[in-house]
>>> print(open('start-v2.cif').read())   # mmCIF, C-alpha atoms
data_my_file
loop_
_atom_site.group_PDB
_atom_site.id
_atom_site.type_symbol
_atom_site.label_atom_id
_atom_site.label_comp_id
_atom_site.auth_asym_id
_atom_site.auth_seq_id
_atom_site.Cartn_x
_atom_site.Cartn_y
_atom_site.Cartn_z
ATOM 1 C CA MET A 1 0.000 0.000 0.000
ATOM 2 C CA ASP A 2 1.271 3.434 -0.919
ATOM 3 C CA TYR A 3 1.296 6.373 1.456
ATOM 4 C CA ILE A 4 -0.406 9.604 0.394
ATOM 5 C CA ILE A 5 0.372 12.798 2.265
ATOM 6 C CA PRO A 6 0.113 16.527 1.582
ATOM 7 C CA ILE A 7 3.268 18.448 0.762
ATOM 8 C CA SER A 8 3.090 20.362 4.062
ATOM 9 C CA GLU A 9 3.308 17.114 6.029
ATOM 10 C CA ALA A 10 6.083 15.777 3.773
ATOM 11 C CA ARG A 11 8.094 18.938 4.383
ATOM 12 C CA ALA A 12 7.651 18.663 8.159
ATOM 13 C CA ARG A 13 8.475 14.932 8.343
ATOM 14 C CA LEU A 14 10.983 14.485 5.499
ATOM 15 C CA PRO A 15 13.797 12.712 7.433
ATOM 16 C CA PHE A 16 11.323 10.228 8.928
ATOM 17 C CA LEU A 17 9.643 9.620 5.565
ATOM 18 C CA ILE A 18 12.958 9.005 3.797
ATOM 19 C CA LYS A 19 13.926 6.425 6.406
ATOM 20 C CA LYS A 20 10.536 4.732 6.209
ATOM 21 C CA ILE A 21 10.525 4.546 2.402
ATOM 22 C CA SER A 22 14.063 3.130 2.410
ATOM 23 C CA GLN A 23 13.220 0.476 4.991
ATOM 24 C CA ILE A 24 9.893 -0.814 3.742
ATOM 25 C CA GLY A 25 10.082 -0.035 0.038
ATOM 26 C CA LYS A 26 6.680 1.593 -0.300
ATOM 27 C CA HIS A 27 5.840 4.567 -2.489
ATOM 28 C CA LEU A 28 5.085 7.946 -1.011
ATOM 29 C CA ILE A 29 2.701 10.074 -3.035
ATOM 30 C CA ILE A 30 2.986 13.759 -2.177
ATOM 31 C CA THR A 31 -0.022 15.906 -2.955
ATOM 32 C CA ARG A 32 -0.604 19.608 -3.397
ATOM 33 C CA ASN A 33 -4.177 20.851 -3.245
ATOM 34 C CA GLY A 34 -5.385 17.254 -3.265
ATOM 35 C CA ARG A 35 -3.602 16.276 -6.504
ATOM 36 C CA ALA A 36 -0.523 14.077 -6.856
ATOM 37 C CA GLU A 37 2.509 16.304 -7.319
ATOM 38 C CA ALA A 38 5.459 13.954 -6.705
ATOM 39 C CA ILE A 39 6.301 10.384 -5.763
ATOM 40 C CA MET A 40 9.120 9.282 -3.497
ATOM 41 C CA ILE A 41 10.533 5.778 -4.010
ATOM 42 C CA SER A 42 13.542 3.881 -2.706
ATOM 43 C CA PRO A 43 16.765 3.801 -4.761
ATOM 44 C CA GLU A 44 16.253 0.067 -5.314
ATOM 45 C CA GLU A 45 12.785 0.658 -6.751
ATOM 46 C CA LEU A 46 14.153 3.361 -9.053
ATOM 47 C CA GLU A 47 16.864 1.010 -10.294
ATOM 48 C CA THR A 48 14.267 -1.694 -10.979
ATOM 49 C CA LEU A 49 12.090 0.749 -12.909
ATOM 50 C CA GLU A 50 15.052 1.972 -14.965
ATOM 51 C CA ILE A 51 16.063 -1.589 -15.863
ATOM 52 C CA LYS A 52 12.504 -2.487 -16.847
ATOM 53 C CA ALA A 53 12.310 0.638 -19.021
ATOM 54 C CA ASP A 54 15.536 -0.261 -20.864
ATOM 55 C CA GLN A 55 14.572 -3.276 -22.982
ATOM 56 C CA LYS A 56 18.118 -3.792 -24.276
ATOM 57 C CA LEU A 57 19.494 -3.954 -20.757
ATOM 58 C CA LEU A 58 16.679 -6.215 -19.589
ATOM 59 C CA GLN A 59 17.289 -8.650 -22.456
ATOM 60 C CA SER A 60 21.021 -8.619 -21.726
ATOM 61 C CA ILE A 61 20.387 -9.472 -18.067
ATOM 62 C CA LEU A 62 18.021 -12.294 -19.027
ATOM 63 C CA ARG A 63 20.594 -13.718 -21.482
ATOM 64 C CA ALA A 64 23.287 -13.518 -18.811
ATOM 65 C CA GLU A 65 21.080 -15.384 -16.344
ATOM 66 C CA GLU A 66 20.487 -18.112 -18.937
ATOM 67 C CA ASP A 67 24.238 -18.377 -19.598
ATOM 68 C CA ILE A 68 24.872 -18.795 -15.880
ATOM 69 C CA LYS A 69 22.255 -21.549 -15.654
ATOM 70 C CA LYS A 70 23.877 -23.337 -18.611
ATOM 71 C CA GLY A 71 27.356 -22.949 -17.137
ATOM 72 C CA ASN A 72 28.525 -20.628 -19.922
ATOM 73 C CA ILE A 73 30.653 -18.475 -17.663
ATOM 74 C CA TYR A 74 34.223 -17.222 -17.800
ATOM 75 C CA SER A 75 36.518 -15.797 -15.161
ATOM 76 C CA HIS A 76 37.964 -12.342 -15.663
ATOM 77 C CA GLU A 77 41.366 -14.019 -16.055
ATOM 78 C CA ASP A 78 40.040 -16.002 -19.040
ATOM 79 C CA VAL A 79 38.516 -12.937 -20.609
ATOM 80 C CA PHE A 80 41.601 -10.730 -20.225
ATOM 81 C CA LYS A 81 44.401 -13.272 -20.598
ATOM 82 C CA ASP A 82 45.403 -12.009 -24.078
ATOM 83 C CA VAL A 83 45.119 -8.320 -23.284
#
>>> encode(input="start-v2.cif", output="structure tokens")
Amino acid sequence: MDYIIPISEARARLPFLIKKISQIGKHLIITRNGRAEAIMISPEELETLEIKADQKLLQSILRAEEDIKKGNIYSHEDVFKDV
């Protein structure tokens, strides 16, 4: 469940809200005059959203996971031995 609070309350309780969002991973919707104005999310959630938005990166991660499952992995020594 997301938290919805007015901007005046967010301003007054910002340190507490940052800690809470970081710990429990919920979204904080900040309103002004009853309308959503901003959303606060944890850094982890932002990273997840950015990865999901980048289809090339997402496909690369999925291919890498498949390679790991199949045992198609190389050490950094193997990769850079001729460099």
>>> resolve_selection(input="start-v2.cif", expression="the PyMOL selection byres ((chain A and resi 22) around 12)", output="list in words")
Pro15, Phe16, Leu17, Ile18, Lys19, Lys20, Ile21, Gln23, Ile24, Gly25, Lys26, His27, Leu28, Met40, Ile41, Ser42, Pro43, Glu44, Glu45 and Leu46 of chain A
>>> closest_residue(input="start-v2.cif", among="A:Leu14, A:Ile51, A:Ile7, A:Ile61", to="Arg32 in chain A", atoms="only C-alpha atoms")
A:Ile7
>>> resolve_selection(input="start-v2.cif", expression="the PyMOL selection byres ((chain A and resi 30) around 8)", output="tab-separated table (two decimals) with C-alpha atoms, keeping the file's coordinate frame")
chain	number	residue	atom	x	y	z
A	4	ILE	CA	-0.41	9.60	0.39
A	5	ILE	CA	0.37	12.80	2.26
A	6	PRO	CA	0.11	16.53	1.58
A	7	ILE	CA	3.27	18.45	0.76
A	10	ALA	CA	6.08	15.78	3.77
A	28	LEU	CA	5.08	7.95	-1.01
A	29	ILE	CA	2.70	10.07	-3.04
A	31	THR	CA	-0.02	15.91	-2.96
A	32	ARG	CA	-0.60	19.61	-3.40
A	36	ALA	CA	-0.52	14.08	-6.86
A	37	GLU	CA	2.51	16.30	-7.32
A	38	ALA	CA	5.46	13.95	-6.70
A	39	ILE	CA	6.30	10.38	-5.76
A	40	MET	CA	9.12	9.28	-3.50
>>> atom_distance(input="start-v2.cif", atom1="CA of Lys56 in chain A", atom2="CA of Ile68 in chain A")
18.5 Å
>>> axis_aligned_box(input="start-v2.cif", around="range 23-36 of chain A", padding_each_side="5 Å", output="JSON")
{"center_x": 3.9, "center_y": 10.0, "center_z": -0.9, "size_x": 28.6, "size_y": 31.7, "size_z": 21.8}
>>> atom_distance(input="start-v2.cif", atom1="CA of Gly34 in chain A", atom2="CA of Glu9 in chain A")
12.7 Å
>>> atom_distance(input="start-v2.cif", atom1="CA of Ala53 in chain A", atom2="CA of Tyr3 in chain A")
23.9 Å
>>> build_atoms(input="start-v2.cif", residues="range 4-28 of chain A", atoms="N, CA and C atoms", output="tab-separated table (two decimals), in the frame of the given file")
chain	number	residue	atom	x	y	z
A	4	ILE	N	-0.05	8.34	1.05
A	4	ILE	CA	-0.41	9.60	0.39
A	4	ILE	C	-0.46	10.67	1.47
A	5	ILE	N	0.36	11.72	1.28
A	5	ILE	CA	0.37	12.80	2.26
A	5	ILE	C	0.48	14.14	1.54
A	6	PRO	N	-0.01	15.19	2.18
A	6	PRO	CA	0.11	16.53	1.58
A	6	PRO	C	1.56	17.02	1.69
A	7	ILE	N	1.91	17.93	0.81
A	7	ILE	CA	3.27	18.45	0.76
A	7	ILE	C	3.68	19.10	2.08
A	8	SER	N	2.76	19.72	2.78
A	8	SER	CA	3.09	20.36	4.06
A	8	SER	C	3.55	19.33	5.08
A	9	GLU	N	2.90	18.18	5.11
A	9	GLU	CA	3.31	17.11	6.03
A	9	GLU	C	4.63	16.50	5.59
A	10	ALA	N	4.82	16.33	4.28
A	10	ALA	CA	6.08	15.78	3.77
A	10	ALA	C	7.24	16.68	4.16
A	11	ARG	N	7.05	17.96	4.03
A	11	ARG	CA	8.09	18.94	4.38
A	11	ARG	C	8.45	18.83	5.87
A	12	ALA	N	7.44	18.71	6.71
A	12	ALA	CA	7.65	18.66	8.16
A	12	ALA	C	8.27	17.35	8.62
A	13	ARG	N	8.03	16.26	7.90
A	13	ARG	CA	8.48	14.93	8.34
A	13	ARG	C	9.47	14.27	7.38
A	14	LEU	N	10.14	15.05	6.55
A	14	LEU	CA	10.98	14.48	5.50
A	14	LEU	C	12.01	13.46	5.98
A	15	PRO	N	12.82	13.73	7.01
A	15	PRO	CA	13.80	12.71	7.43
A	15	PRO	C	13.15	11.38	7.81
A	16	PHE	N	12.04	11.45	8.55
A	16	PHE	CA	11.32	10.23	8.93
A	16	PHE	C	10.79	9.50	7.70
A	17	LEU	N	10.22	10.23	6.76
A	17	LEU	CA	9.64	9.62	5.56
A	17	LEU	C	10.71	8.95	4.70
A	18	ILE	N	11.86	9.60	4.57
A	18	ILE	CA	12.96	9.01	3.80
A	18	ILE	C	13.38	7.68	4.41
A	19	LYS	N	13.53	7.66	5.72
A	19	LYS	CA	13.93	6.42	6.41
A	19	LYS	C	12.87	5.34	6.21
A	20	LYS	N	11.62	5.70	6.34
A	20	LYS	CA	10.54	4.73	6.21
A	20	LYS	C	10.47	4.15	4.79
A	21	ILE	N	10.58	5.00	3.79
A	21	ILE	CA	10.52	4.55	2.40
A	21	ILE	C	11.71	3.62	2.12
A	22	SER	N	12.88	3.96	2.62
A	22	SER	CA	14.06	3.13	2.41
A	22	SER	C	13.91	1.77	3.07
A	23	GLN	N	13.33	1.72	4.25
A	23	GLN	CA	13.22	0.48	4.99
A	23	GLN	C	12.15	-0.46	4.45
A	24	ILE	N	11.00	0.07	4.11
A	24	ILE	CA	9.89	-0.81	3.74
A	24	ILE	C	9.60	-0.85	2.26
A	25	GLY	N	10.22	0.03	1.48
A	25	GLY	CA	10.08	-0.04	0.04
A	25	GLY	C	8.73	0.37	-0.53
A	26	LYS	N	7.97	1.12	0.21
A	26	LYS	CA	6.68	1.59	-0.30
A	26	LYS	C	6.86	2.90	-1.06
A	27	HIS	N	5.84	3.28	-1.79
A	27	HIS	CA	5.84	4.57	-2.49
A	27	HIS	C	5.19	5.62	-1.60
A	28	LEU	N	5.68	6.82	-1.72
A	28	LEU	CA	5.08	7.95	-1.01
A	28	LEU	C	4.59	8.93	-2.06
